[in-house]
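Peer 1: Dumping the structure here so I can ask a few things about it.
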Amino acid sequence: MAEINSEPAEQSIYNRINVLKAFDETKSGVKGLVDSGLSKIPTIFINEEYMLERNNNIHNQKSGSSTNNGGIPIIDLTGVDNDPNLRREIVKKVGEACEKWGFFQIINHGIPVTTLDEMMDGIRRFHEQDKEAKKEFYSRDITRKVYYNSNFDLYLAEATNWRDSLNCVMAPRGPLPQQLPAICRDIFIEYSNKVMKLGHTLLEFFSEALGLNRSYLEDIGCGEGLFMIGNYYPPCPEPDLTLGISSHTDCGFFTILLQDQIGGLQVRHQNQWLDVNFIHGALIVNLADMMQLISNDKFISVHHRVLTNTKGPRVSAASFFRTHLPPENASRLYGPIKELISQENPPLYRELLLKTSCQSSTPKGLIVKLFNTLSYELLMNLIELFSSLFLSFVEFYVLKL
C-alpha cells in the first residue's frame with residue numbers, strides 16, 4: 001500500500017511558503033541555485049501536472065513534440081512595402097495563421113540579424129554578471145519601470161518555473177536610460193525601438209486581415225504599450241520534472257518573441273504540443289487574449305509553454321504589446337469590434353476593463369465570455385473577491401514566518 005502523507009494541509013502550505021520566501025530572499029534566482037552546484041531540483045519546482053503528462057505519453061508511446069516545426073506558418077515579409085499585390089498575399093497568410101494557429105514566424109522583417117544576436121547577448125550578459133550587481137535590480141514591485149526577479153507569480157503558482165527574468169516597461173513611457181542596467185542598456189533601447197516599429201506593421205496586417213482600415217487597431221491603442229522581458233533558463237539537472245514556463249496564454253494584444261538556438265518553446269495545436277523550432281533571424285508572433293476578444297474569436301490566443309533541458313542556458317526576449325496601465329488607461333474598455341458584429345455574428349464577449357485583462361491570477365475566458373445568467377459586474381466582483389481571499393491567505397502565512 002502506498003504511504004499516506006499525514007502532514008496537515010496547513011503545515012504543507014506553510015512549509016512551501018517558507019521555502020519560497022527563502023528562495024526569494026537570496027535575490028539570486030534559479031541561476032543562483034545552479035551556480036551552487038545542485039544535482040536535484042528543489043520541491044517547489046516540481047510540476048506534478050507535467051510529470052503526469054510525460055508518464056501518460058511514455059505509457060502511450062507518444063513523443064509529444066514535432067521535428068518539422070509542427071507546420072507552424074513561416075511568413076516572409078520581403079517586399080511587403082513595395083508591391084501591393086504581394087502585401088495582399090502576405091495579409092492573407094497572416095490572417096489564416098491568426099485564425100488557425102494564433103502563432104507564426106516571420107522572416108525578412110526588417111530587424112537586422114546583428115541586432116537580434118546582440119539582444120540575446122545582452123540578456124545573457126545581464127543574467128550572467130556577478131550576482132551582487134544583479135541584486136540592485138531585484139524586486140517584486142511591478143510599478144517599477146525596470147526590475148529583475150524569478151517567477152512573477154512565485155507565491156501564487158502551483159509549481160515554480162525554472163526561469164529568471166529582467167522586466168522592462170518600454171512604452172508608452174519608458175525608463176530613463178540610466179534606469180536600465182548598463183550591461184545591456186544600449187541594445188534594449190535599440191531593440192525596443194525596432195520591435196515597436198515592427199509591431200505597428202503587424203497591427204496593420206491584423207487590421208487588414210479583419211477587413212478593417214489599415215490603422216484601425218493602432219487607432220484604438222493596441223500598439224501603444226510595450227512590456228519587454230529578457231528570460232534566462234539555466235540548464236536543469238532534472239528537466240523531466242519541471243518547466244521553464246508553464247502552459248499559459250498571453251494577456252494583452254500580441255507578443256513578438258526572439259528565441260535562441262536551444263529551443264524548448266511549444267505551442268498547443270489540435271490537442272498536441274508542437275515544437276517551435278529555431279530559425280536564425282526569425283521572430284515568433286503569437287496573439288494574446290485581448291486580440292481574441294476584440295476580434296470576437298476570429299483570431300485565437302493559444303496555450304504555449306517552454307520546456308527545460310540539461311543544455312543551455314536558453315535565452316529569449318518577449319515583447320508584449322499591451323497597455324501597461326498608466327492611470328489614464330485603467331478604466332478603458334475593450335470589447336468585440338463593432339464592425340465585426342452582425343446578426344449572424346453576435347458578440348461572444350462583454351466589454352472588459354483594461355486593468356482586468358492582464359490580471360495573471362484570472363483564468364483565461366472566465367472573465368470575458370458572455371454569461372447569460374450572470375452579470376458582468378457580479379462576475380468581476382466574484383473574481384476579485386476570490387483573488388483577494390487567496391492573496392490574503394498567502395500573506396497570512398508569509399507574515400507568520
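Letters A, B, ... go to the chains of the C-alpha cells in the order shown; residues in each chain start at 1; ligands are counted from 1 in the same order.
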Could you pull the residues within 6 Å of stretch 308-319 of chain A, counting only C-alpha atoms, minus those fewer than 5 positions along the same chain, as a ChimeraX atom specification?

Peer 2: /A:227-237,239,243-244,255-260,262

Peer 1: Keeping only C-alpha atoms, take the residues you just selected and write them out as a PDB file, in the first residue's frame.

Peer 2:
ATOM      1  CA  PHE A 227       6.489  45.423 -21.939  1.00  0.00           C
ATOM      2  CA  MET A 228       9.739  43.532 -22.558  1.00  0.00           C
ATOM      3  CA  ILE A 229      11.083  40.530 -20.673  1.00  0.00           C
ATOM      4  CA  GLY A 230      14.580  39.114 -21.042  1.00  0.00           C
ATOM      5  CA  ASN A 231      14.196  35.481 -19.962  1.00  0.00           C
ATOM      6  CA  TYR A 232      17.044  33.252 -18.825  1.00  0.00           C
ATOM      7  CA  TYR A 233      16.572  29.488 -18.404  1.00  0.00           C
ATOM      8  CA  PRO A 234      19.619  27.877 -16.759  1.00  0.00           C
ATOM      9  CA  PRO A 235      20.439  24.240 -17.559  1.00  0.00           C
ATOM     10  CA  CYS A 236      18.228  21.987 -15.441  1.00  0.00           C
ATOM     11  CA  PRO A 237      19.543  18.801 -13.789  1.00  0.00           C
ATOM     12  CA  PRO A 239      14.219  18.520 -16.941  1.00  0.00           C
ATOM     13  CA  LEU A 243       9.027  23.573 -16.893  1.00  0.00           C
ATOM     14  CA  GLY A 244      10.689  26.806 -17.923  1.00  0.00           C
ATOM     15  CA  THR A 255       3.677  39.202 -28.477  1.00  0.00           C
ATOM     16  CA  ILE A 256       6.854  39.239 -30.561  1.00  0.00           C
ATOM     17  CA  LEU A 257       9.330  36.642 -29.322  1.00  0.00           C
ATOM     18  CA  LEU A 258      13.013  36.214 -30.078  1.00  0.00           C
ATOM     19  CA  GLN A 259      14.482  32.864 -29.010  1.00  0.00           C
ATOM     20  CA  ASP A 260      17.939  31.349 -29.265  1.00  0.00           C
ATOM     21  CA  ILE A 262      18.458  26.000 -27.592  1.00  0.00           C
TER      22      ILE A 262
END

Peer 1: Quick one: residues within 9 Å of A:Thr115, only C-alpha atoms counted, chain neighbours fewer than 4 positions away excluded, as a ChimeraX atom specification?

Peer 2: /A:111,119-120,187,190-191

Peer 1: Report as a list in words all protein, DNA and RNA residues lying within 9 Å of A:Thr242, evaluated on only C-alpha atoms, omitting residues in the same chain fewer than 6 positions from it.

Peer 2: Ile41, Phe45, Ile46, Asn47, Glu48, Tyr50, Met51, Ala159, Thr160, Asn161, Trp162, Cys236, Leu307 and Thr308 of chain A

Peer 1: Report as a PyMOL selection string: the residues of stretch 88-274 of chain A with a DSSP assignment of helix (DSSP H, G or I), based on the backbone of this structure.

Peer 2: chain A and resi 88-100+113-128+131-135+177-179+185-209+216-219

Peer 1: One decimal, in Å: what's the spacing between atom CA of A:Glu132 and atom CA of A:Cys184?

Peer 2: 16.2 Å

Peer 1: I'd like the neighbourhood of A:Arg268 as a ChimeraX atom specification, where a residue qualifies if any of its atoms comes within 6 Å (using only C-alpha atoms), though same-chain residues fewer than 5 positions away should be ignored.

Peer 2: /A:273,303-304

Peer 1: Using DSSP on the backbone coordinates, identify all residues within stretch 129-373 of chain A classified as strand (DSSP E or B); present the result as number ranges by chain.

Peer 2: A: 138, 146-149, 164-171, 226-233, 243-248, 254-259, 265-269, 272-275, 283-287, 304-307, 314-321, 333-334, 349, 352-353, 369

Peer 1: Counting only C-alpha atoms, give me one row per residue of stretch 201-262 of chain A with an atom at most 12 Å from an atom of stretch 275-293 of chain A, showing the shortest contact pair and its distance in Å to one decimal, sorted by chain then residue number, as JSON lines.

Peer 2:
{"residue": "A:Leu202", "atom": "CA", "partner": "A:Val285", "partner_atom": "CA", "distance": 9.1}
{"residue": "A:Leu203", "atom": "CA", "partner": "A:Met291", "partner_atom": "CA", "distance": 10.5}
{"residue": "A:Phe206", "atom": "CA", "partner": "A:Met291", "partner_atom": "CA", "distance": 9.5}
{"residue": "A:Ser207", "atom": "CA", "partner": "A:Met291", "partner_atom": "CA", "distance": 10.8}
{"residue": "A:Leu210", "atom": "CA", "partner": "A:Met291", "partner_atom": "CA", "distance": 11.2}
{"residue": "A:Leu217", "atom": "CA", "partner": "A:Met291", "partner_atom": "CA", "distance": 9.7}
{"residue": "A:Ile220", "atom": "CA", "partner": "A:Met291", "partner_atom": "CA", "distance": 12.0}
{"residue": "A:Gly221", "atom": "CA", "partner": "A:Met290", "partner_atom": "CA", "distance": 11.8}
{"residue": "A:Cys222", "atom": "CA", "partner": "A:Met291", "partner_atom": "CA", "distance": 8.7}
{"residue": "A:Gly223", "atom": "CA", "partner": "A:Met291", "partner_atom": "CA", "distance": 11.5}
{"residue": "A:His248", "atom": "CA", "partner": "A:Ala288", "partner_atom": "CA", "distance": 10.2}
{"residue": "A:Thr249", "atom": "CA", "partner": "A:Ala288", "partner_atom": "CA", "distance": 6.5}
{"residue": "A:Asp250", "atom": "CA", "partner": "A:Ala288", "partner_atom": "CA", "distance": 4.8}
{"residue": "A:Cys251", "atom": "CA", "partner": "A:Asp289", "partner_atom": "CA", "distance": 5.0}
{"residue": "A:Gly252", "atom": "CA", "partner": "A:Met290", "partner_atom": "CA", "distance": 5.2}
{"residue": "A:Phe253", "atom": "CA", "partner": "A:Met291", "partner_atom": "CA", "distance": 4.7}
{"residue": "A:Phe254", "atom": "CA", "partner": "A:Leu287", "partner_atom": "CA", "distance": 4.3}
{"residue": "A:Thr255", "atom": "CA", "partner": "A:Asn286", "partner_atom": "CA", "distance": 5.4}
{"residue": "A:Ile256", "atom": "CA", "partner": "A:Val285", "partner_atom": "CA", "distance": 4.7}
{"residue": "A:Leu257", "atom": "CA", "partner": "A:Ile284", "partner_atom": "CA", "distance": 4.9}
{"residue": "A:Leu258", "atom": "CA", "partner": "A:Leu283", "partner_atom": "CA", "distance": 5.3}
{"residue": "A:Gln259", "atom": "CA", "partner": "A:Phe278", "partner_atom": "CA", "distance": 7.0}
{"residue": "A:Asp260", "atom": "CA", "partner": "A:Phe278", "partner_atom": "CA", "distance": 6.7}
{"residue": "A:Gln261", "atom": "CA", "partner": "A:Phe278", "partner_atom": "CA", "distance": 5.4}
{"residue": "A:Ile262", "atom": "CA", "partner": "A:Phe278", "partner_atom": "CA", "distance": 7.7}

Peer 1: Dump N, CA, C and O atoms for the selected residues as an mmCIF file, in the first residue's frame?

Peer 2:
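Listed below is the output, again_37.cif:
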data_model
loop_
_atom_site.group_PDB
_atom_site.id
_atom_site.type_symbol
_atom_site.label_atom_id
_atom_site.label_comp_id
_atom_site.auth_asym_id
_atom_site.auth_seq_id
_atom_site.Cartn_x
_atom_site.Cartn_y
_atom_site.Cartn_z
ATOM 1 N N LEU A 202 2.733 44.955 -37.945
ATOM 2 C CA LEU A 202 1.888 43.777 -37.718
ATOM 3 C C LEU A 202 0.452 44.177 -37.413
ATOM 4 O O LEU A 202 -0.491 43.514 -37.862
ATOM 5 N N LEU A 203 0.265 45.260 -36.675
ATOM 6 C CA LEU A 203 -1.094 45.725 -36.391
ATOM 7 C C LEU A 203 -1.828 46.107 -37.673
ATOM 8 O O LEU A 203 -3.038 45.900 -37.799
ATOM 9 N N PHE A 206 -2.918 42.826 -39.151
ATOM 10 C CA PHE A 206 -4.069 42.291 -38.411
ATOM 11 C C PHE A 206 -5.344 43.044 -38.783
ATOM 12 O O PHE A 206 -6.406 42.437 -38.994
ATOM 13 N N SER A 207 -5.240 44.368 -38.850
ATOM 14 C CA SER A 207 -6.411 45.187 -39.189
ATOM 15 C C SER A 207 -6.950 44.823 -40.568
ATOM 16 O O SER A 207 -8.165 44.592 -40.741
ATOM 17 N N LEU A 210 -8.666 41.513 -40.814
ATOM 18 C CA LEU A 210 -10.013 41.534 -40.226
ATOM 19 C C LEU A 210 -11.004 42.320 -41.082
ATOM 20 O O LEU A 210 -12.180 42.437 -40.729
ATOM 21 N N LEU A 217 -6.511 49.114 -35.608
ATOM 22 C CA LEU A 217 -6.044 48.606 -34.316
ATOM 23 C C LEU A 217 -5.044 49.555 -33.667
ATOM 24 O O LEU A 217 -5.010 49.686 -32.440
ATOM 25 N N ILE A 220 -7.045 52.385 -31.935
ATOM 26 C CA ILE A 220 -7.733 52.077 -30.666
ATOM 27 C C ILE A 220 -6.745 51.697 -29.557
ATOM 28 O O ILE A 220 -7.152 51.233 -28.486
ATOM 29 N N GLY A 221 -5.450 51.897 -29.801
ATOM 30 C CA GLY A 221 -4.467 51.773 -28.725
ATOM 31 C C GLY A 221 -3.810 50.420 -28.563
ATOM 32 O O GLY A 221 -3.150 50.179 -27.545
ATOM 33 N N CYS A 222 -3.944 49.544 -29.542
ATOM 34 C CA CYS A 222 -3.371 48.199 -29.387
ATOM 35 C C CYS A 222 -1.850 48.182 -29.447
ATOM 36 O O CYS A 222 -1.228 47.182 -29.057
ATOM 37 N N GLY A 223 -1.253 49.258 -29.939
ATOM 38 C CA GLY A 223 0.203 49.266 -30.089
ATOM 39 C C GLY A 223 0.908 50.309 -29.250
ATOM 40 O O GLY A 223 2.083 50.586 -29.474
ATOM 41 N N HIS A 248 0.317 28.504 -20.720
ATOM 42 C CA HIS A 248 -0.392 29.757 -20.475
ATOM 43 C C HIS A 248 -0.742 30.404 -21.807
ATOM 44 O O HIS A 248 -0.235 30.027 -22.861
ATOM 45 N N THR A 249 -1.622 31.384 -21.759
ATOM 46 C CA THR A 249 -1.823 32.299 -22.874
ATOM 47 C C THR A 249 -1.373 33.678 -22.405
ATOM 48 O O THR A 249 -1.317 33.953 -21.205
ATOM 49 N N ASP A 250 -1.026 34.540 -23.360
ATOM 50 C CA ASP A 250 -0.593 35.889 -23.004
ATOM 51 C C ASP A 250 -1.799 36.812 -22.872
ATOM 52 O O ASP A 250 -2.790 36.669 -23.589
ATOM 53 N N CYS A 251 -1.685 37.776 -21.966
ATOM 54 C CA CYS A 251 -2.694 38.819 -21.925
ATOM 55 C C CYS A 251 -2.288 39.896 -22.925
ATOM 56 O O CYS A 251 -1.309 39.749 -23.649
ATOM 57 N N GLY A 252 -3.010 40.956 -23.005
ATOM 58 C CA GLY A 252 -2.670 41.990 -23.969
ATOM 59 C C GLY A 252 -3.136 41.620 -25.365
ATOM 60 O O GLY A 252 -4.089 40.860 -25.539
ATOM 61 N N PHE A 253 -2.467 42.167 -26.375
ATOM 62 C CA PHE A 253 -2.926 42.018 -27.758
ATOM 63 C C PHE A 253 -2.089 41.026 -28.562
ATOM 64 O O PHE A 253 -2.639 40.154 -29.230
ATOM 65 N N PHE A 254 -0.768 41.144 -28.499
ATOM 66 C CA PHE A 254 0.077 40.167 -29.174
ATOM 67 C C PHE A 254 1.495 40.282 -28.637
ATOM 68 O O PHE A 254 1.846 41.246 -27.939
ATOM 69 N N THR A 255 2.306 39.280 -28.970
ATOM 70 C CA THR A 255 3.677 39.202 -28.477
ATOM 71 C C THR A 255 4.618 38.914 -29.636
ATOM 72 O O THR A 255 4.297 38.122 -30.522
ATOM 73 N N ILE A 256 5.772 39.568 -29.632
ATOM 74 C CA ILE A 256 6.854 39.239 -30.561
ATOM 75 C C ILE A 256 7.970 38.610 -29.742
ATOM 76 O O ILE A 256 8.462 39.214 -28.783
ATOM 77 N N LEU A 257 8.351 37.390 -30.101
ATOM 78 C CA LEU A 257 9.330 36.642 -29.322
ATOM 79 C C LEU A 257 10.584 36.349 -30.138
ATOM 80 O O LEU A 257 10.498 35.901 -31.283
ATOM 81 N N LEU A 258 11.712 36.587 -29.523
ATOM 82 C CA LEU A 258 13.013 36.214 -30.078
ATOM 83 C C LEU A 258 13.583 35.114 -29.198
ATOM 84 O O LEU A 258 13.692 35.281 -27.980
ATOM 85 N N GLN A 259 13.902 33.955 -29.788
ATOM 86 C CA GLN A 259 14.482 32.864 -29.010
ATOM 87 C C GLN A 259 15.827 32.452 -29.606
ATOM 88 O O GLN A 259 16.104 32.703 -30.782
ATOM 89 N N ASP A 260 16.641 31.805 -28.775
ATOM 90 C CA ASP A 260 17.939 31.349 -29.265
ATOM 91 C C ASP A 260 17.856 29.913 -29.769
ATOM 92 O O ASP A 260 16.777 29.319 -29.838
ATOM 93 N N GLN A 261 19.009 29.350 -30.099
ATOM 94 C CA GLN A 261 19.047 28.052 -30.765
ATOM 95 C C GLN A 261 18.766 26.874 -29.835
ATOM 96 O O GLN A 261 18.583 25.745 -30.302
ATOM 97 N N ILE A 262 18.704 27.107 -28.535
ATOM 98 C CA ILE A 262 18.458 26.000 -27.592
ATOM 99 C C ILE A 262 17.056 25.423 -27.785
ATOM 100 O O ILE A 262 16.826 24.229 -27.651
#

Peer 1: Atom CA of A:Val94 to atom CA of A:Lys194: how many Å, to one decimal?

Peer 2: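 Going from atom CA of A:Val94 over to atom CA of A:Lys194, I get 20.1 Å.
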
Peer 1: Which residues are near A:Gly71? Cut-off 12 Å, only C-alpha atoms, ignore same chain within fewer than 3 positions. Put them as a ChimeraX atom specification.

Peer 2: /A:65-68,74-75,97,100-101,103-105,267,269-270,273-277

Peer 1: Using only C-alpha atoms for the distances, tell me which of A:Gly211, A:Lys92, A:Ile183, A:Gly29 is nearest to A:Tyr148.

Peer 2: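 Of the candidates, the smallest distance to A:Tyr148 is held by A:Gly29.
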
Peer 1: Can you pull out every residue within 8 Å of A:Gln179, counting only C-alpha atoms, but drop anything in the same chain fewer than 2 positions away, and send it as a list in words?

Peer 2: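 Contacts, with the query itself left out: Lys145, Val146, Pro175, Leu176, Pro177 and Pro181 of chain A.
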
Peer 1: Extract, using only C-alpha atoms, all DNA, RNA and protein residues at most 8 Å from stretch 335-344 of chain A, discarding same-chain residues fewer than 6 positions from it, and format them as a PyMOL selection string.

Peer 2: chain A and resi 210+212+293-296+350-352

Peer 1: Could you produce a table of the residues of stretch 164-252 of chain A lying within 10 Å of stretch 139-143 of chain A, with the nearest pair of atoms per residue and their separation in Å rounded to one decimal, using only C-alpha atoms, ordered by chain and increasing residue number, as CSV?

Peer 2:
residue,atom,partner,partner_atom,distance
A:Asn167,CA,A:Ile142,CA,9.0
A:Cys168,CA,A:Ile142,CA,9.8
A:Val169,CA,A:Thr143,CA,9.3

Peer 1: Let me see the file: selected residues, all heavy atoms, as a compact mmCIF listing (two decimals), in the first residue's frame.

Peer 2:
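Listed below is the output, selection22.txt:
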# COMPACT_ATOMS: atom_id res chain seq x y z
N ASN A 167 12.67 42.49 -16.44
CA ASN A 167 11.42 43.07 -16.92
C ASN A 167 11.57 44.57 -17.12
O ASN A 167 12.06 45.28 -16.23
CB ASN A 167 10.30 42.81 -15.90
CG ASN A 167 10.21 41.35 -15.49
OD1 ASN A 167 9.58 40.55 -16.14
ND2 ASN A 167 10.87 41.01 -14.38
N CYS A 168 11.11 45.05 -18.27
CA CYS A 168 11.26 46.48 -18.60
C CYS A 168 9.98 47.00 -19.26
O CYS A 168 9.54 46.45 -20.27
CB CYS A 168 12.43 46.71 -19.54
SG CYS A 168 14.01 46.06 -18.96
N VAL A 169 9.42 48.06 -18.70
CA VAL A 169 8.31 48.76 -19.34
C VAL A 169 8.92 49.79 -20.29
O VAL A 169 9.49 50.79 -19.86
CB VAL A 169 7.41 49.46 -18.31
CG1 VAL A 169 6.28 50.20 -19.00
CG2 VAL A 169 6.86 48.46 -17.30

Peer 1: If I take atom CA of A:Thr114 and atom CA of A:Val195, how far is one from the other in Å, to one decimal?

Peer 2: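 Answer for the atom CA of A:Thr114 to atom CA of A:Val195 separation: 13.9 Å.
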